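Encoded as structure tokens, the structure appears first; notes follow it.
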Amino acid sequence: MKALTWQGKNDVQVREVPDPRIQESTDAIIQVTSTAICGSDLHLYEVLGPFLSRGDILGHETMGVVQEVGSDVHDIAVGDRVVIPFNISCGSCWMCTRGLMAACETTQVRQQGKGAALFGYTELYGSVPGGQAELLRVPQAHYGPIKVPDGVADERFLYLSDILPTAWQGVEYAEVPPGGTLAVFGLGPVGQLACRIGVHRGLRVIGLDLVPERLALAQQYGIETIDITGLDDPGQAVRDLTEGRGADGTLDAVGMEAHGSPVFGGAIKAVGFIPDTLAKPLIKKVGVDRLAALMGAISAVRRGGSVSISGVYGGMADPMPMMDMFDKGISLRMGQCHVKRWIGEILPVVMEDGDVLGLETLATHRMPLTEAAAGYDLFQKKADGCVKVVLKP
């Protein structure tokens, strides 16, 4: 089969690789019909490259049709249309039964000190082959896959794999009271969906970014926007719109890719040129993240408010403004999304008439799998108004 493989820093290539096969009784094989490039895939281009091996198959936003199931898989059958959550969870361990699927104790990557295994995401998370491919082996398929109906476009459901529940959890963690104000830092795919979810819930939503096309897209959904280009303190701009108080909750939907952090941006690029044996402990022990979005979110939240972090970070010793955080009495919530925890709440919204969250139109670029490398380059550079890339094997 054809699959997108990591070959080195800023180098991904579609190659012929062996077809996956059933290895455990709880496995399934799906034929991939749609797979997307996620913002966190871009981290593999640079800072997390030392944890990849040449030939690793990338991708964790995937849906398709079931081709084969193991003997202990009973909830899905050959021919079913399914979406695959990006984290691999069993549904029955101590963590899963408490709604913490991203910490699944069955698939935890303990040798790396990490939570549940992820598709297509480095040795830190199990080196599980990803879904930017023609076929995907799905472990824990007795629990993970989400069955969706036929007759509706893939893109109405595809984002259930990651970015839609990630945005949903991000809004939940921001703990904005009814009628309150949510400020979302970063209007990429997760930020756009978080803003739309906030509006759907009746919140006042302020979106911050510096890319004109992303600001304009947010405005189409009734979101107030702030262009942060040239702003020393985006938090002050939010306070100016909220009686000097700040937002009830803020959401960092950016993570380590944030603009406005030139020193740490240089550190991330430098890591990509260091031999893996030196880069791995460096990443694990020092601060290598661009923190502009997080600092903005902390600045913009009101006293007693909540800061929610959906953006992925990779540093272990990043400097934090602890005095301000303590003085303001803020709450801080973050983490990998517990995808299946939220699906029961999200699906009714997804199925509402009119595609209220704009899922079918979120992707700005659709490409065959064979052009995936160009899609990565386009997405990373935010060129040609790129907000989201969907690949079709």
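Each chain in the structure tokens gets a letter, A, B, ..., in the order shown, and its residues are numbered from 1; ligands are numbered from 1 in order too.
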Please extract the residues of range 185-360 of chain A with a backbone DSSP assignment of alpha helix (DSSP H) and present them as an MDAnalysis selection string. chainID A and resid 189:200 212:219 234:240 262:271 276:285 292:300 322:328 339:350
Filtering to C-alpha atoms, could you give me those residues as a PDB file, in the first residue's frame?
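out-v6.pdb, freshly written:
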ATOM      1  CA  PRO A 189      -8.440  24.332  12.867  1.00  0.00           C
ATOM      2  CA  VAL A 190      -8.818  23.691  16.620  1.00  0.00           C
ATOM      3  CA  GLY A 191      -9.188  27.386  17.378  1.00  0.00           C
ATOM      4  CA  GLN A 192     -11.809  27.852  14.669  1.00  0.00           C
ATOM      5  CA  LEU A 193     -13.854  24.935  15.965  1.00  0.00           C
ATOM      6  CA  ALA A 194     -13.485  26.070  19.590  1.00  0.00           C
ATOM      7  CA  CYS A 195     -14.815  29.500  18.623  1.00  0.00           C
ATOM      8  CA  ARG A 196     -17.771  27.971  16.802  1.00  0.00           C
ATOM      9  CA  ILE A 197     -18.542  25.699  19.747  1.00  0.00           C
ATOM     10  CA  GLY A 198     -18.460  28.730  22.045  1.00  0.00           C
ATOM     11  CA  VAL A 199     -20.882  30.626  19.822  1.00  0.00           C
ATOM     12  CA  HIS A 200     -23.130  27.547  19.612  1.00  0.00           C
ATOM     13  CA  PRO A 212      -5.747  37.633   7.836  1.00  0.00           C
ATOM     14  CA  GLU A 213      -7.550  34.675   6.257  1.00  0.00           C
ATOM     15  CA  ARG A 214      -8.044  32.998   9.634  1.00  0.00           C
ATOM     16  CA  LEU A 215      -9.339  36.182  11.233  1.00  0.00           C
ATOM     17  CA  ALA A 216     -11.774  36.657   8.345  1.00  0.00           C
ATOM     18  CA  LEU A 217     -12.984  33.045   8.605  1.00  0.00           C
ATOM     19  CA  ALA A 218     -13.714  33.451  12.315  1.00  0.00           C
ATOM     20  CA  GLN A 219     -15.676  36.639  11.667  1.00  0.00           C
ATOM     21  CA  PRO A 234      -2.564  40.730  23.455  1.00  0.00           C
ATOM     22  CA  GLY A 235      -4.012  40.272  26.923  1.00  0.00           C
ATOM     23  CA  GLN A 236      -4.446  44.043  27.218  1.00  0.00           C
ATOM     24  CA  ALA A 237      -6.434  44.026  23.978  1.00  0.00           C
ATOM     25  CA  VAL A 238      -8.790  41.446  25.510  1.00  0.00           C
ATOM     26  CA  ARG A 239      -9.109  43.465  28.719  1.00  0.00           C
ATOM     27  CA  ASP A 240      -9.967  46.528  26.657  1.00  0.00           C
ATOM     28  CA  PRO A 262      11.977  34.201  18.320  1.00  0.00           C
ATOM     29  CA  VAL A 263      14.411  32.884  20.922  1.00  0.00           C
ATOM     30  CA  PHE A 264      12.515  29.660  21.522  1.00  0.00           C
ATOM     31  CA  GLY A 265      11.735  29.382  17.825  1.00  0.00           C
ATOM     32  CA  GLY A 266      15.462  29.338  17.211  1.00  0.00           C
ATOM     33  CA  ALA A 267      15.894  26.689  19.899  1.00  0.00           C
ATOM     34  CA  ILE A 268      13.329  24.438  18.218  1.00  0.00           C
ATOM     35  CA  LYS A 269      15.054  24.752  14.847  1.00  0.00           C
ATOM     36  CA  ALA A 270      18.457  24.095  16.437  1.00  0.00           C
ATOM     37  CA  VAL A 271      17.244  20.837  17.987  1.00  0.00           C
ATOM     38  CA  ASP A 276      19.324  12.303  18.122  1.00  0.00           C
ATOM     39  CA  THR A 277      21.390  10.985  21.035  1.00  0.00           C
ATOM     40  CA  LEU A 278      21.874  14.585  22.211  1.00  0.00           C
ATOM     41  CA  ALA A 279      18.538  16.001  21.102  1.00  0.00           C
ATOM     42  CA  LYS A 280      16.347  13.492  22.966  1.00  0.00           C
ATOM     43  CA  PRO A 281      17.578  14.338  26.485  1.00  0.00           C
ATOM     44  CA  LEU A 282      17.621  18.024  25.560  1.00  0.00           C
ATOM     45  CA  ILE A 283      13.932  17.940  24.633  1.00  0.00           C
ATOM     46  CA  LYS A 284      13.083  15.944  27.764  1.00  0.00           C
ATOM     47  CA  LYS A 285      14.910  18.217  30.200  1.00  0.00           C
ATOM     48  CA  ALA A 292       3.695  33.438  23.177  1.00  0.00           C
ATOM     49  CA  ALA A 293       0.157  32.050  22.935  1.00  0.00           C
ATOM     50  CA  LEU A 294       0.219  30.593  26.444  1.00  0.00           C
ATOM     51  CA  MET A 295       1.589  33.802  27.933  1.00  0.00           C
ATOM     52  CA  GLY A 296      -1.136  35.721  26.119  1.00  0.00           C
ATOM     53  CA  ALA A 297      -3.823  33.386  27.445  1.00  0.00           C
ATOM     54  CA  ILE A 298      -2.555  33.834  31.012  1.00  0.00           C
ATOM     55  CA  SER A 299      -2.446  37.593  30.577  1.00  0.00           C
ATOM     56  CA  ALA A 300      -5.936  37.783  29.052  1.00  0.00           C
ATOM     57  CA  MET A 322       4.094  31.853  38.462  1.00  0.00           C
ATOM     58  CA  MET A 323       3.751  35.117  40.413  1.00  0.00           C
ATOM     59  CA  ASP A 324       1.040  36.411  38.065  1.00  0.00           C
ATOM     60  CA  MET A 325      -0.701  33.026  37.889  1.00  0.00           C
ATOM     61  CA  PHE A 326      -0.824  32.759  41.675  1.00  0.00           C
ATOM     62  CA  ASP A 327      -1.810  36.370  42.212  1.00  0.00           C
ATOM     63  CA  LYS A 328      -4.685  36.118  39.737  1.00  0.00           C
ATOM     64  CA  VAL A 339     -11.887  11.611  22.566  1.00  0.00           C
ATOM     65  CA  LYS A 340     -14.531   9.018  23.406  1.00  0.00           C
ATOM     66  CA  ARG A 341     -15.516  10.874  26.574  1.00  0.00           C
ATOM     67  CA  TRP A 342     -17.082  13.627  24.474  1.00  0.00           C
ATOM     68  CA  ILE A 343     -18.495  11.797  21.451  1.00  0.00           C
ATOM     69  CA  GLY A 344     -21.941  11.304  22.969  1.00  0.00           C
ATOM     70  CA  GLU A 345     -22.270  15.074  23.448  1.00  0.00           C
ATOM     71  CA  ILE A 346     -20.750  16.046  20.113  1.00  0.00           C
ATOM     72  CA  LEU A 347     -22.556  13.714  17.691  1.00  0.00           C
ATOM     73  CA  PRO A 348     -26.012  15.328  18.109  1.00  0.00           C
ATOM     74  CA  VAL A 349     -24.452  18.716  17.263  1.00  0.00           C
ATOM     75  CA  VAL A 350     -22.630  17.245  14.265  1.00  0.00           C
TER      76      VAL A 350
END
Could you build a table of the residues in range 154-259 of chain A lying no more than 12 Å from range 52-66 of chain A, giving for each the nearest pair of atoms and their separation in Å rounded to one decimal place, using only C-alpha atoms, ordered by chain and ascending residue number, as a tab-separated table?
residue	atom	partner	partner_atom	distance
A:Asp154	CA	A:Met63	CA	7.8
A:Glu155	CA	A:Met63	CA	9.5
A:Arg156	CA	A:Met63	CA	11.1
A:Phe157	CA	A:Met63	CA	8.1
A:Leu158	CA	A:Met63	CA	6.0
A:Tyr159	CA	A:Glu61	CA	6.9
A:Leu160	CA	A:Glu61	CA	8.3
A:Ser161	CA	A:Glu61	CA	5.2
A:Asp162	CA	A:Glu61	CA	6.1
A:Ile163	CA	A:Glu61	CA	8.2
A:Leu164	CA	A:Glu61	CA	10.6
A:Pro165	CA	A:Glu61	CA	11.7
A:Thr166	CA	A:Glu61	CA	11.8
For the strand (DSSP E) assignment from backbone DSSP, which residues of range 137-282 of chain A qualify? Please present them as a PyMOL selection string. chain A and resi 137-138+146-147+181-185+204-209+224-227+247-252
Using only C-alpha atoms: which of A:Lys114, A:His142, A:Arg137, A:Arg366 has the shortest distance to Asp19 in chain A: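 Using only C-alpha atoms, the shortest distance to Asp19 in chain A belongs to A:Arg137.
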Name the closest residue to Ala116 in chain A among the candidates A:Phe86, A:Phe379, A:Tyr313, A:Trp6; distances are taken between atoms, counting only C-alpha atoms.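 The answer is A:Phe86, which sits nearest to Ala116 in chain A.
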Which of these, A:Val307, A:Gly188, A:Val301, A:Phe119, has the shortest distance to Gly244 in chain A once you count only C-alpha atoms?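 Under the stated criterion, the closest residue is A:Val301.
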With only C-alpha atoms as the basis for distance, which of A:Ala77, A:Cys93, A:Ile88, A:Met367 is at the shortest distance from Gly130 in chain A? A:Ile88
Gln23 in chain A environment, 10 Å, only C-alpha atoms, sequence neighbours closer than 5 positions dropped, as a PyMOL selection string: chain A and resi 28+70+137-139
Mind writing the picked residues with N, CA and C atoms as a PDB file, in the first residue's frame?
ATOM      1  N   ALA A  28      -8.578  -4.332  14.099  1.00  0.00           N
ATOM      2  CA  ALA A  28      -9.354  -4.244  12.866  1.00  0.00           C
ATOM      3  C   ALA A  28      -8.463  -3.614  11.803  1.00  0.00           C
ATOM      4  N   GLY A  70     -10.778  -8.600  14.097  1.00  0.00           N
ATOM      5  CA  GLY A  70     -10.313  -9.720  14.886  1.00  0.00           C
ATOM      6  C   GLY A  70     -11.473 -10.431  15.573  1.00  0.00           C
ATOM      7  N   ARG A 137      -4.147  -0.401  10.427  1.00  0.00           N
ATOM      8  CA  ARG A 137      -4.447  -1.371  11.486  1.00  0.00           C
ATOM      9  C   ARG A 137      -4.871  -0.593  12.730  1.00  0.00           C
ATOM     10  N   VAL A 138      -6.009  -0.970  13.293  1.00  0.00           N
ATOM     11  CA  VAL A 138      -6.569  -0.288  14.458  1.00  0.00           C
ATOM     12  C   VAL A 138      -6.519  -1.217  15.665  1.00  0.00           C
ATOM     13  N   PRO A 139      -5.585  -1.005  16.601  1.00  0.00           N
ATOM     14  CA  PRO A 139      -5.613  -1.783  17.849  1.00  0.00           C
ATOM     15  C   PRO A 139      -6.789  -1.345  18.726  1.00  0.00           C
TER      16      PRO A 139
END
Using only C-alpha atoms, which residue out of A:Gly249, A:Gly186, A:Pro145, A:Pro321 lies closest to Thr26 in chain A? A:Pro145
Please determine, counting only C-alpha atoms, which residue among A:Ser306, A:Gln380, A:Gln31, A:Thr225 has the shortest atom-to-atom distance to Arg204 in chain A.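 Distance minimum relative to Arg204 in chain A lands on A:Thr225.
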Please indicate the distance in Å from CA of Ile223 in chain A to CA of Asp41 in chain A, rounded to one decimal place. 26.9 Å
With a distance cut-off of 12 Å and only C-alpha atoms, select the neighbouring residues of Leu42 in chain A, excluding the residue or stretch itself and same-chain residues fewer than 2 positions from it, and output the selection as a CSV table (one decimal) with N, CA and C atoms, in the first residue's frame.
chain,number,residue,atom,x,y,z
A,6,TRP,N,7.9,9.4,7.3
A,6,TRP,CA,8.9,10.4,7.8
A,6,TRP,C,10.2,9.9,7.3
A,9,LYS,N,14.2,15.6,8.8
A,9,LYS,CA,13.7,16.9,9.1
A,9,LYS,C,13.1,17.6,7.9
A,10,ASN,N,11.9,18.0,8.0
A,10,ASN,CA,11.1,18.6,6.9
A,10,ASN,C,11.1,17.7,5.7
A,11,ASP,N,11.1,16.4,5.8
A,11,ASP,CA,11.1,15.5,4.7
A,11,ASP,C,10.1,14.4,4.9
A,12,VAL,N,9.0,14.5,4.3
A,12,VAL,CA,8.0,13.4,4.4
A,12,VAL,C,7.7,12.9,3.0
A,37,ILE,N,-4.3,16.3,7.8
A,37,ILE,CA,-3.0,16.8,8.4
A,37,ILE,C,-3.3,17.6,9.6
A,38,CYS,N,-2.8,17.3,10.8
A,38,CYS,CA,-3.1,18.0,12.0
A,38,CYS,C,-2.0,19.0,12.3
A,39,GLY,N,-2.3,20.0,13.1
A,39,GLY,CA,-1.3,21.0,13.5
A,39,GLY,C,-0.2,20.3,14.3
A,40,SER,N,-0.6,19.3,15.1
A,40,SER,CA,0.5,18.6,15.9
A,40,SER,C,1.4,17.7,15.0
A,44,LEU,N,6.3,17.2,14.2
A,44,LEU,CA,7.2,16.1,13.8
A,44,LEU,C,8.2,16.6,12.8
A,45,TYR,N,7.9,17.7,12.1
A,45,TYR,CA,8.8,18.3,11.2
A,45,TYR,C,10.1,18.8,11.9
A,46,GLU,N,10.0,19.3,13.1
A,46,GLU,CA,11.2,19.9,13.7
A,46,GLU,C,11.5,19.3,15.1
A,47,VAL,N,10.8,19.8,16.2
A,47,VAL,CA,11.2,19.5,17.5
A,47,VAL,C,11.2,18.0,17.9
A,48,LEU,N,10.2,17.3,17.4
A,48,LEU,CA,10.0,15.9,17.8
A,48,LEU,C,10.6,14.9,16.9
A,49,GLY,N,11.3,15.4,15.8
A,49,GLY,CA,12.0,14.6,14.9
A,49,GLY,C,12.9,13.5,15.5
A,58,LEU,N,3.0,8.4,9.3
A,58,LEU,CA,2.4,9.5,10.1
A,58,LEU,C,0.9,9.5,9.9
A,59,GLY,N,0.3,10.4,10.8
A,59,GLY,CA,-1.1,10.6,10.6
A,59,GLY,C,-2.0,10.0,11.7
A,121,TYR,N,2.7,8.8,15.9
A,121,TYR,CA,3.2,9.9,16.7
A,121,TYR,C,4.4,9.5,17.6
A,254,VAL,N,-2.8,26.9,20.2
A,254,VAL,CA,-1.6,27.0,19.4
A,254,VAL,C,-0.6,26.0,19.8
A,255,GLY,N,0.0,26.1,21.0
A,255,GLY,CA,1.0,25.2,21.4
A,255,GLY,C,2.4,25.7,21.0
A,256,MET,N,3.3,24.8,20.8
A,256,MET,CA,4.7,25.1,20.6
A,256,MET,C,5.0,25.8,19.2
A,257,GLU,N,4.0,25.8,18.4
A,257,GLU,CA,4.2,26.5,17.1
A,257,GLU,C,4.0,28.0,17.1
A,258,ALA,N,3.7,28.6,18.3
A,258,ALA,CA,3.4,30.0,18.4
A,258,ALA,C,4.4,30.9,17.8
A,311,GLY,N,-3.3,23.3,22.7
A,311,GLY,CA,-2.1,23.2,21.9
A,311,GLY,C,-1.1,22.3,22.5
A,312,VAL,N,-0.3,21.6,21.7
A,312,VAL,CA,0.7,20.6,22.2
A,312,VAL,C,2.0,21.3,22.5
A,373,ALA,N,3.1,15.4,0.8
A,373,ALA,CA,4.3,16.2,1.2
A,373,ALA,C,4.1,17.7,0.9
A,375,GLY,N,1.2,19.1,0.9
A,375,GLY,CA,0.2,19.5,1.9
A,375,GLY,C,0.9,19.9,3.2
A,376,TYR,N,1.9,19.1,3.6
A,376,TYR,CA,2.6,19.5,4.8
A,376,TYR,C,3.3,20.8,4.7
A,377,ASP,N,3.9,21.0,3.6
A,377,ASP,CA,4.7,22.3,3.4
A,377,ASP,C,3.7,23.5,3.3
A,378,LEU,N,2.6,23.3,2.7
A,378,LEU,CA,1.6,24.3,2.6
A,378,LEU,C,1.0,24.7,3.9
A,379,PHE,N,0.7,23.7,4.7
A,379,PHE,CA,0.1,23.9,6.0
A,379,PHE,C,1.1,24.5,7.0
A,380,GLN,N,2.3,24.1,7.0
A,380,GLN,CA,3.3,24.7,7.9
A,380,GLN,C,3.5,26.2,7.6
A,381,LYS,N,3.6,26.5,6.3
A,381,LYS,CA,3.8,27.9,5.9
A,381,LYS,C,2.6,28.8,5.9
A,382,LYS,N,1.4,28.1,6.2
A,382,LYS,CA,0.1,28.9,6.2
A,382,LYS,C,0.0,29.6,4.8
For Arg303 in chain A: contacts at 9 Å, only C-alpha atoms, fewer than 6 positions along chain excluded, given as a ChimeraX atom specification: /A:245-246,248,327-330
